[in-house]
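K.L.:
Below you will find the structure I want to go over with you.
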Amino acid sequence: QFELVAGELPSSSRDQRIADTTYRVEKVISEFEEQLGEIRNAFSIGGYAPDQVERAKAMEVATVELVAAGIQQLNSPKHILLIRCYRLHLDAAESVLSATAIGHVDLSTKQRSGLLCRFVQSARKLLDLQQPYLGDSHVDLGRT
């Protein structure tokens, strides 16, 4: 069963005006996905350069803010676009964690714990969102 917003199914951003909230959120998600792709590409080509590691850390924080803003602007904690937001946060956090595992980032215990807590929270919320849409045995649930 889909989540209703204001008593109806959320609108798609396709063929919508720029002023439409769904369109704006989807546009930001796409831009963040592109930026994270650039960061990951830089990691794979040039290693973990300090400027790219800082970009990854900033992206992780920005995606946490994106989730919060998305929930508020979309008027629903169960909107389907939040699946992409949470997935994006997990990917950004994973980039930072991979840099720390190799020793290219020094995080304090408090910073590392906070990052891991945010990671687990996003994974749990993503799982809760995916199950109704994908069913209990979908392959993406195992990835989450």
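Within each chain, counting starts at residue 1; across the structure tokens, chains are named A, B, ... in the order shown, with ligands numbered 1 upward in that order.
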Out of chain A, which residues get alpha helix (DSSP H) from DSSP, as a short mmCIF file (atom, residue, chain, number, x, y, z; two decimals) with N, CA, C and O atoms, in the first residue's frame?
P.N.:
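So the final result, stored in result.cif, reads:
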data_model
loop_
_atom_site.label_atom_id
_atom_site.label_comp_id
_atom_site.auth_asym_id
_atom_site.auth_seq_id
_atom_site.Cartn_x
_atom_site.Cartn_y
_atom_site.Cartn_z
N THR A 21 7.29 20.75 -5.57
CA THR A 21 8.19 20.26 -4.53
C THR A 21 8.85 18.94 -4.94
O THR A 21 10.06 18.77 -4.76
N THR A 22 8.08 18.02 -5.48
CA THR A 22 8.64 16.73 -5.88
C THR A 22 9.74 16.92 -6.92
O THR A 22 10.80 16.29 -6.83
N TYR A 23 9.51 17.79 -7.85
CA TYR A 23 10.51 18.07 -8.89
C TYR A 23 11.79 18.62 -8.26
O TYR A 23 12.89 18.20 -8.60
N ARG A 24 11.65 19.58 -7.34
CA ARG A 24 12.83 20.19 -6.71
C ARG A 24 13.64 19.17 -5.92
O ARG A 24 14.86 19.14 -6.01
N VAL A 25 12.96 18.34 -5.15
CA VAL A 25 13.67 17.33 -4.36
C VAL A 25 14.37 16.35 -5.28
O VAL A 25 15.54 16.00 -5.07
N GLU A 26 13.68 15.91 -6.32
CA GLU A 26 14.29 14.97 -7.25
C GLU A 26 15.49 15.58 -7.96
O GLU A 26 16.50 14.91 -8.20
N LYS A 27 15.42 16.85 -8.27
CA LYS A 27 16.53 17.56 -8.93
C LYS A 27 17.76 17.60 -8.00
O LYS A 27 18.88 17.35 -8.44
N VAL A 28 17.56 17.91 -6.73
CA VAL A 28 18.66 17.94 -5.78
C VAL A 28 19.28 16.56 -5.62
O VAL A 28 20.51 16.41 -5.60
N ILE A 29 18.44 15.55 -5.54
CA ILE A 29 18.95 14.18 -5.43
C ILE A 29 19.84 13.86 -6.63
O ILE A 29 20.94 13.32 -6.46
N SER A 30 19.37 14.19 -7.82
CA SER A 30 20.15 13.91 -9.03
C SER A 30 21.49 14.65 -9.02
O SER A 30 22.52 14.08 -9.39
N GLU A 31 21.47 15.90 -8.59
CA GLU A 31 22.72 16.66 -8.51
C GLU A 31 23.68 16.05 -7.50
O GLU A 31 24.88 15.94 -7.76
N PHE A 32 23.17 15.65 -6.35
CA PHE A 32 24.01 15.02 -5.33
C PHE A 32 24.56 13.68 -5.81
O PHE A 32 25.72 13.35 -5.54
N GLU A 33 23.72 12.92 -6.52
CA GLU A 33 24.20 11.64 -7.06
C GLU A 33 25.34 11.86 -8.04
O GLU A 33 26.32 11.10 -8.04
N GLU A 34 25.22 12.89 -8.86
CA GLU A 34 26.28 13.21 -9.82
C GLU A 34 27.56 13.61 -9.09
O GLU A 34 28.65 13.15 -9.44
N GLN A 35 27.44 14.44 -8.07
CA GLN A 35 28.62 14.86 -7.31
C GLN A 35 29.28 13.68 -6.59
O GLN A 35 30.51 13.58 -6.58
N LEU A 36 28.47 12.79 -6.03
CA LEU A 36 29.04 11.62 -5.35
C LEU A 36 29.74 10.72 -6.37
O LEU A 36 30.79 10.15 -6.07
N GLY A 37 29.18 10.62 -7.56
CA GLY A 37 29.84 9.85 -8.62
C GLY A 37 31.20 10.44 -8.97
O GLY A 37 32.16 9.68 -9.19
N GLU A 38 31.28 11.76 -9.01
CA GLU A 38 32.56 12.41 -9.28
C GLU A 38 33.58 12.12 -8.17
O GLU A 38 34.75 11.87 -8.44
N ILE A 39 33.12 12.15 -6.93
CA ILE A 39 34.00 11.85 -5.79
C ILE A 39 34.51 10.42 -5.88
O ILE A 39 35.71 10.16 -5.74
N ARG A 40 33.62 9.50 -6.12
CA ARG A 40 34.02 8.09 -6.21
C ARG A 40 34.97 7.86 -7.38
O ARG A 40 35.90 7.07 -7.29
N ASN A 41 34.70 8.53 -8.48
CA ASN A 41 35.58 8.42 -9.64
C ASN A 41 36.97 8.96 -9.30
O ASN A 41 37.98 8.35 -9.66
N ALA A 42 37.02 10.09 -8.61
CA ALA A 42 38.31 10.66 -8.20
C ALA A 42 39.04 9.71 -7.26
O ALA A 42 40.27 9.56 -7.35
N PHE A 43 38.31 9.04 -6.38
CA PHE A 43 38.93 8.06 -5.47
C PHE A 43 39.55 6.91 -6.26
O PHE A 43 40.65 6.46 -5.97
N SER A 44 38.83 6.45 -7.28
CA SER A 44 39.32 5.30 -8.04
C SER A 44 40.48 5.66 -8.96
O SER A 44 41.36 4.84 -9.21
N ILE A 45 40.49 6.90 -9.45
CA ILE A 45 41.56 7.30 -10.38
C ILE A 45 42.79 7.82 -9.64
O ILE A 45 43.90 7.39 -9.89
N GLY A 46 42.57 8.76 -8.74
CA GLY A 46 43.70 9.43 -8.11
C GLY A 46 43.93 9.09 -6.66
O GLY A 46 44.70 9.76 -5.98
N PRO A 50 43.29 14.56 -0.28
CA PRO A 50 42.63 15.25 0.84
C PRO A 50 41.42 16.09 0.44
O PRO A 50 40.41 16.10 1.15
N ASP A 51 41.49 16.77 -0.70
CA ASP A 51 40.35 17.59 -1.11
C ASP A 51 39.13 16.74 -1.45
O ASP A 51 37.99 17.10 -1.16
N GLN A 52 39.35 15.56 -2.04
CA GLN A 52 38.24 14.66 -2.36
C GLN A 52 37.65 14.02 -1.11
O GLN A 52 36.44 13.81 -1.01
N VAL A 53 38.51 13.72 -0.15
CA VAL A 53 38.04 13.17 1.12
C VAL A 53 37.17 14.20 1.83
O VAL A 53 36.11 13.87 2.37
N GLU A 54 37.58 15.46 1.81
CA GLU A 54 36.78 16.53 2.42
C GLU A 54 35.44 16.68 1.70
O GLU A 54 34.40 16.92 2.33
N ARG A 55 35.46 16.54 0.38
CA ARG A 55 34.20 16.58 -0.39
C ARG A 55 33.28 15.44 0.02
O ARG A 55 32.06 15.62 0.15
N ALA A 56 33.86 14.25 0.23
CA ALA A 56 33.06 13.10 0.65
C ALA A 56 32.45 13.33 2.03
O ALA A 56 31.27 13.02 2.25
N LYS A 57 33.23 13.89 2.94
CA LYS A 57 32.71 14.18 4.28
C LYS A 57 31.59 15.22 4.21
O LYS A 57 30.57 15.08 4.88
N ALA A 58 31.78 16.25 3.39
CA ALA A 58 30.75 17.27 3.23
C ALA A 58 29.49 16.68 2.58
O ALA A 58 28.37 17.04 2.95
N MET A 59 29.68 15.76 1.64
CA MET A 59 28.54 15.12 0.99
C MET A 59 27.74 14.28 1.98
O MET A 59 26.51 14.26 1.95
N GLU A 60 28.43 13.61 2.89
CA GLU A 60 27.73 12.81 3.90
C GLU A 60 26.84 13.71 4.75
O GLU A 60 25.68 13.40 5.00
N VAL A 61 27.36 14.83 5.19
CA VAL A 61 26.59 15.77 6.00
C VAL A 61 25.43 16.36 5.18
O VAL A 61 24.30 16.46 5.66
N ALA A 62 25.70 16.71 3.94
CA ALA A 62 24.67 17.29 3.08
C ALA A 62 23.53 16.31 2.82
O ALA A 62 22.36 16.71 2.75
N THR A 63 23.85 15.02 2.70
CA THR A 63 22.78 14.04 2.45
C THR A 63 21.92 13.82 3.69
O THR A 63 20.73 13.54 3.57
N VAL A 64 22.51 13.95 4.87
CA VAL A 64 21.70 13.90 6.10
C VAL A 64 20.70 15.06 6.10
O VAL A 64 19.51 14.88 6.41
N GLU A 65 21.18 16.23 5.73
CA GLU A 65 20.31 17.40 5.65
C GLU A 65 19.26 17.24 4.55
O GLU A 65 18.12 17.67 4.70
N LEU A 66 19.65 16.60 3.45
CA LEU A 66 18.70 16.34 2.37
C LEU A 66 17.56 15.45 2.84
O LEU A 66 16.39 15.71 2.51
N VAL A 67 17.87 14.43 3.59
CA VAL A 67 16.82 13.54 4.11
C VAL A 67 15.85 14.33 4.97
O VAL A 67 14.63 14.24 4.80
N ALA A 68 16.38 15.12 5.90
CA ALA A 68 15.51 15.90 6.80
C ALA A 68 14.65 16.90 6.01
O ALA A 68 13.44 17.02 6.25
N ALA A 69 15.27 17.59 5.06
CA ALA A 69 14.52 18.55 4.24
C ALA A 69 13.50 17.84 3.37
O ALA A 69 12.39 18.34 3.17
N GLY A 70 13.87 16.67 2.84
CA GLY A 70 12.96 15.91 2.00
C GLY A 70 11.71 15.49 2.76
O GLY A 70 10.59 15.62 2.25
N ILE A 71 11.90 15.00 3.97
CA ILE A 71 10.75 14.59 4.79
C ILE A 71 9.83 15.78 5.04
O ILE A 71 8.61 15.68 4.91
N GLN A 72 10.43 16.92 5.36
CA GLN A 72 9.64 18.11 5.65
C GLN A 72 8.94 18.64 4.39
O GLN A 72 7.74 18.91 4.41
N GLN A 73 9.66 18.76 3.30
CA GLN A 73 9.08 19.35 2.10
C GLN A 73 8.09 18.43 1.40
O GLN A 73 7.11 18.89 0.81
N LEU A 74 8.35 17.13 1.45
CA LEU A 74 7.45 16.19 0.79
C LEU A 74 6.23 15.85 1.66
O LEU A 74 5.33 15.15 1.23
N LEU A 81 10.50 9.02 -2.84
CA LEU A 81 11.77 9.70 -3.14
C LEU A 81 12.76 9.59 -1.98
O LEU A 81 13.97 9.71 -2.19
N LEU A 82 12.26 9.36 -0.79
CA LEU A 82 13.17 9.21 0.36
C LEU A 82 14.02 7.95 0.25
O LEU A 82 15.10 7.89 0.84
N ILE A 83 13.58 6.98 -0.53
CA ILE A 83 14.41 5.79 -0.77
C ILE A 83 15.72 6.24 -1.42
O ILE A 83 16.80 5.82 -1.01
N ARG A 84 15.63 7.10 -2.41
CA ARG A 84 16.86 7.59 -3.07
C ARG A 84 17.69 8.44 -2.11
O ARG A 84 18.92 8.39 -2.14
N CYS A 85 17.03 9.23 -1.28
CA CYS A 85 17.76 10.07 -0.31
C CYS A 85 18.56 9.21 0.66
O CYS A 85 19.74 9.46 0.90
N TYR A 86 17.91 8.22 1.22
CA TYR A 86 18.59 7.34 2.18
C TYR A 86 19.71 6.54 1.50
O TYR A 86 20.79 6.36 2.05
N ARG A 87 19.44 6.06 0.30
CA ARG A 87 20.47 5.31 -0.43
C ARG A 87 21.68 6.20 -0.71
O ARG A 87 22.83 5.77 -0.57
N LEU A 88 21.41 7.43 -1.07
CA LEU A 88 22.48 8.39 -1.32
C LEU A 88 23.29 8.64 -0.05
O LEU A 88 24.52 8.69 -0.09
N HIS A 89 22.61 8.77 1.08
CA HIS A 89 23.34 8.97 2.33
C HIS A 89 24.22 7.76 2.65
O HIS A 89 25.37 7.91 3.04
N LEU A 90 23.69 6.57 2.46
CA LEU A 90 24.49 5.36 2.72
C LEU A 90 25.71 5.31 1.82
O LEU A 90 26.81 4.96 2.28
N ASP A 91 25.54 5.67 0.57
CA ASP A 91 26.68 5.67 -0.36
C ASP A 91 27.72 6.71 0.03
O ASP A 91 28.93 6.46 -0.04
N ALA A 92 27.27 7.90 0.45
CA ALA A 92 28.20 8.95 0.87
C ALA A 92 28.94 8.53 2.13
O ALA A 92 30.17 8.71 2.23
N ALA A 93 28.23 7.97 3.08
CA ALA A 93 28.86 7.52 4.33
C ALA A 93 29.86 6.39 4.04
O ALA A 93 30.95 6.35 4.62
N GLU A 94 29.50 5.52 3.12
CA GLU A 94 30.39 4.42 2.75
C GLU A 94 31.69 4.95 2.13
O GLU A 94 32.77 4.40 2.38
N SER A 95 31.59 6.02 1.37
CA SER A 95 32.80 6.63 0.78
C SER A 95 33.73 7.14 1.87
O SER A 95 34.94 6.95 1.80
N VAL A 96 33.17 7.80 2.87
CA VAL A 96 33.98 8.30 3.98
C VAL A 96 34.57 7.14 4.76
O VAL A 96 35.76 7.14 5.10
N LEU A 97 33.76 6.13 5.02
CA LEU A 97 34.25 4.97 5.78
C LEU A 97 35.35 4.23 5.03
O LEU A 97 36.30 3.74 5.65
N SER A 98 35.25 4.16 3.71
CA SER A 98 36.30 3.48 2.95
C SER A 98 37.61 4.25 3.03
O SER A 98 38.69 3.66 3.11
N ALA A 99 37.52 5.58 3.05
CA ALA A 99 38.73 6.40 3.18
C ALA A 99 39.34 6.24 4.57
O ALA A 99 40.57 6.24 4.73
N THR A 100 38.51 6.08 5.58
CA THR A 100 39.04 5.90 6.95
C THR A 100 39.66 4.53 7.11
O THR A 100 40.66 4.38 7.80
N ALA A 101 39.07 3.53 6.46
CA ALA A 101 39.59 2.16 6.58
C ALA A 101 40.99 2.04 5.99
O ALA A 101 41.82 1.28 6.48
N ILE A 102 41.26 2.80 4.95
CA ILE A 102 42.56 2.76 4.29
C ILE A 102 43.55 3.68 4.99
O ILE A 102 44.74 3.63 4.75
N THR A 109 37.10 9.26 17.62
CA THR A 109 36.16 8.19 17.99
C THR A 109 34.73 8.71 17.96
O THR A 109 33.82 8.03 17.49
N LYS A 110 34.54 9.94 18.44
CA LYS A 110 33.20 10.53 18.45
C LYS A 110 32.69 10.74 17.02
O LYS A 110 31.53 10.45 16.73
N GLN A 111 33.54 11.23 16.13
CA GLN A 111 33.13 11.45 14.74
C GLN A 111 32.81 10.14 14.05
O GLN A 111 31.81 10.02 13.34
N ARG A 112 33.65 9.13 14.25
CA ARG A 112 33.43 7.82 13.64
C ARG A 112 32.14 7.18 14.18
O ARG A 112 31.35 6.63 13.42
N SER A 113 31.93 7.30 15.49
CA SER A 113 30.71 6.75 16.09
C SER A 113 29.46 7.44 15.54
O SER A 113 28.46 6.80 15.24
N GLY A 114 29.54 8.77 15.41
CA GLY A 114 28.41 9.52 14.85
C GLY A 114 28.11 9.11 13.42
O GLY A 114 26.95 8.92 13.05
N LEU A 115 29.17 8.94 12.63
CA LEU A 115 29.00 8.51 11.25
C LEU A 115 28.36 7.13 11.18
O LEU A 115 27.41 6.90 10.41
N LEU A 116 28.84 6.21 12.00
CA LEU A 116 28.29 4.86 12.00
C LEU A 116 26.84 4.84 12.49
O LEU A 116 26.01 4.10 11.95
N CYS A 117 26.53 5.66 13.48
CA CYS A 117 25.14 5.74 13.97
C CYS A 117 24.21 6.28 12.88
O CYS A 117 23.11 5.75 12.68
N ARG A 118 24.65 7.32 12.19
CA ARG A 118 23.83 7.87 11.09
C ARG A 118 23.66 6.83 9.98
O ARG A 118 22.59 6.70 9.39
N PHE A 119 24.72 6.07 9.72
CA PHE A 119 24.68 5.02 8.69
C PHE A 119 23.62 3.98 9.05
O PHE A 119 22.78 3.62 8.23
N VAL A 120 23.66 3.50 10.29
CA VAL A 120 22.71 2.47 10.73
C VAL A 120 21.28 3.01 10.72
O VAL A 120 20.36 2.31 10.28
N GLN A 121 21.09 4.25 11.18
CA GLN A 121 19.76 4.84 11.15
C GLN A 121 19.21 4.93 9.74
O GLN A 121 18.05 4.59 9.49
N SER A 122 20.03 5.38 8.81
CA SER A 122 19.58 5.49 7.41
C SER A 122 19.28 4.12 6.83
O SER A 122 18.29 3.96 6.10
N ALA A 123 20.11 3.14 7.14
CA ALA A 123 19.88 1.78 6.62
C ALA A 123 18.56 1.23 7.14
O ALA A 123 17.79 0.62 6.38
N ARG A 124 18.28 1.46 8.41
CA ARG A 124 17.03 0.96 9.00
C ARG A 124 15.81 1.64 8.37
O ARG A 124 14.82 1.01 8.03
N LYS A 125 15.90 2.97 8.22
CA LYS A 125 14.77 3.70 7.63
C LYS A 125 14.59 3.33 6.16
O LYS A 125 13.47 3.23 5.68
N LEU A 126 15.70 3.11 5.46
CA LEU A 126 15.62 2.69 4.07
C LEU A 126 14.95 1.33 3.96
O LEU A 126 14.07 1.13 3.11
N LEU A 127 15.33 0.42 4.82
CA LEU A 127 14.71 -0.91 4.82
C LEU A 127 13.20 -0.81 5.05
O LEU A 127 12.41 -1.44 4.35
N ASP A 128 12.82 0.01 6.04
CA ASP A 128 11.39 0.18 6.33
C ASP A 128 10.63 0.76 5.14
O ASP A 128 9.46 0.44 4.94
N LEU A 129 11.28 1.64 4.36
CA LEU A 129 10.63 2.21 3.18
C LEU A 129 10.57 1.23 2.03
O LEU A 129 9.60 1.19 1.28
N GLN A 130 11.64 0.44 1.86
CA GLN A 130 11.72 -0.46 0.71
C GLN A 130 10.78 -1.64 0.82
O GLN A 130 10.23 -2.09 -0.19
N GLN A 131 10.59 -2.18 2.01
CA GLN A 131 9.79 -3.39 2.16
C GLN A 131 8.39 -3.29 1.57
O GLN A 131 7.97 -4.17 0.83
N PRO A 132 7.63 -2.22 1.86
CA PRO A 132 6.28 -2.15 1.26
C PRO A 132 6.30 -2.03 -0.26
O PRO A 132 5.41 -2.54 -0.93
N TYR A 133 7.31 -1.37 -0.81
CA TYR A 133 7.37 -1.17 -2.26
C TYR A 133 7.93 -2.39 -2.99
O TYR A 133 7.51 -2.70 -4.10
N LEU A 134 8.90 -3.07 -2.37
CA LEU A 134 9.61 -4.15 -3.06
C LEU A 134 9.22 -5.55 -2.61
O LEU A 134 9.52 -6.51 -3.30
N VAL A 139 15.93 -8.44 -3.95
CA VAL A 139 17.39 -8.45 -3.83
C VAL A 139 17.91 -7.15 -3.22
O VAL A 139 18.91 -7.17 -2.50
N ASP A 140 17.27 -6.02 -3.45
CA ASP A 140 17.73 -4.75 -2.91
C ASP A 140 17.62 -4.71 -1.37
O ASP A 140 18.36 -3.97 -0.72
N LEU A 141 16.74 -5.49 -0.81
CA LEU A 141 16.64 -5.54 0.65
C LEU A 141 17.90 -6.17 1.25
O LEU A 141 18.35 -5.76 2.32
N GLY A 142 18.47 -7.12 0.58
CA GLY A 142 19.72 -7.72 1.04
C GLY A 142 20.87 -6.75 0.98
O GLY A 142 21.74 -6.73 1.85
N ARG A 143 20.89 -5.88 -0.02
CA ARG A 143 21.92 -4.87 -0.15
C ARG A 143 21.82 -3.83 0.96
O ARG A 143 22.82 -3.31 1.44
#
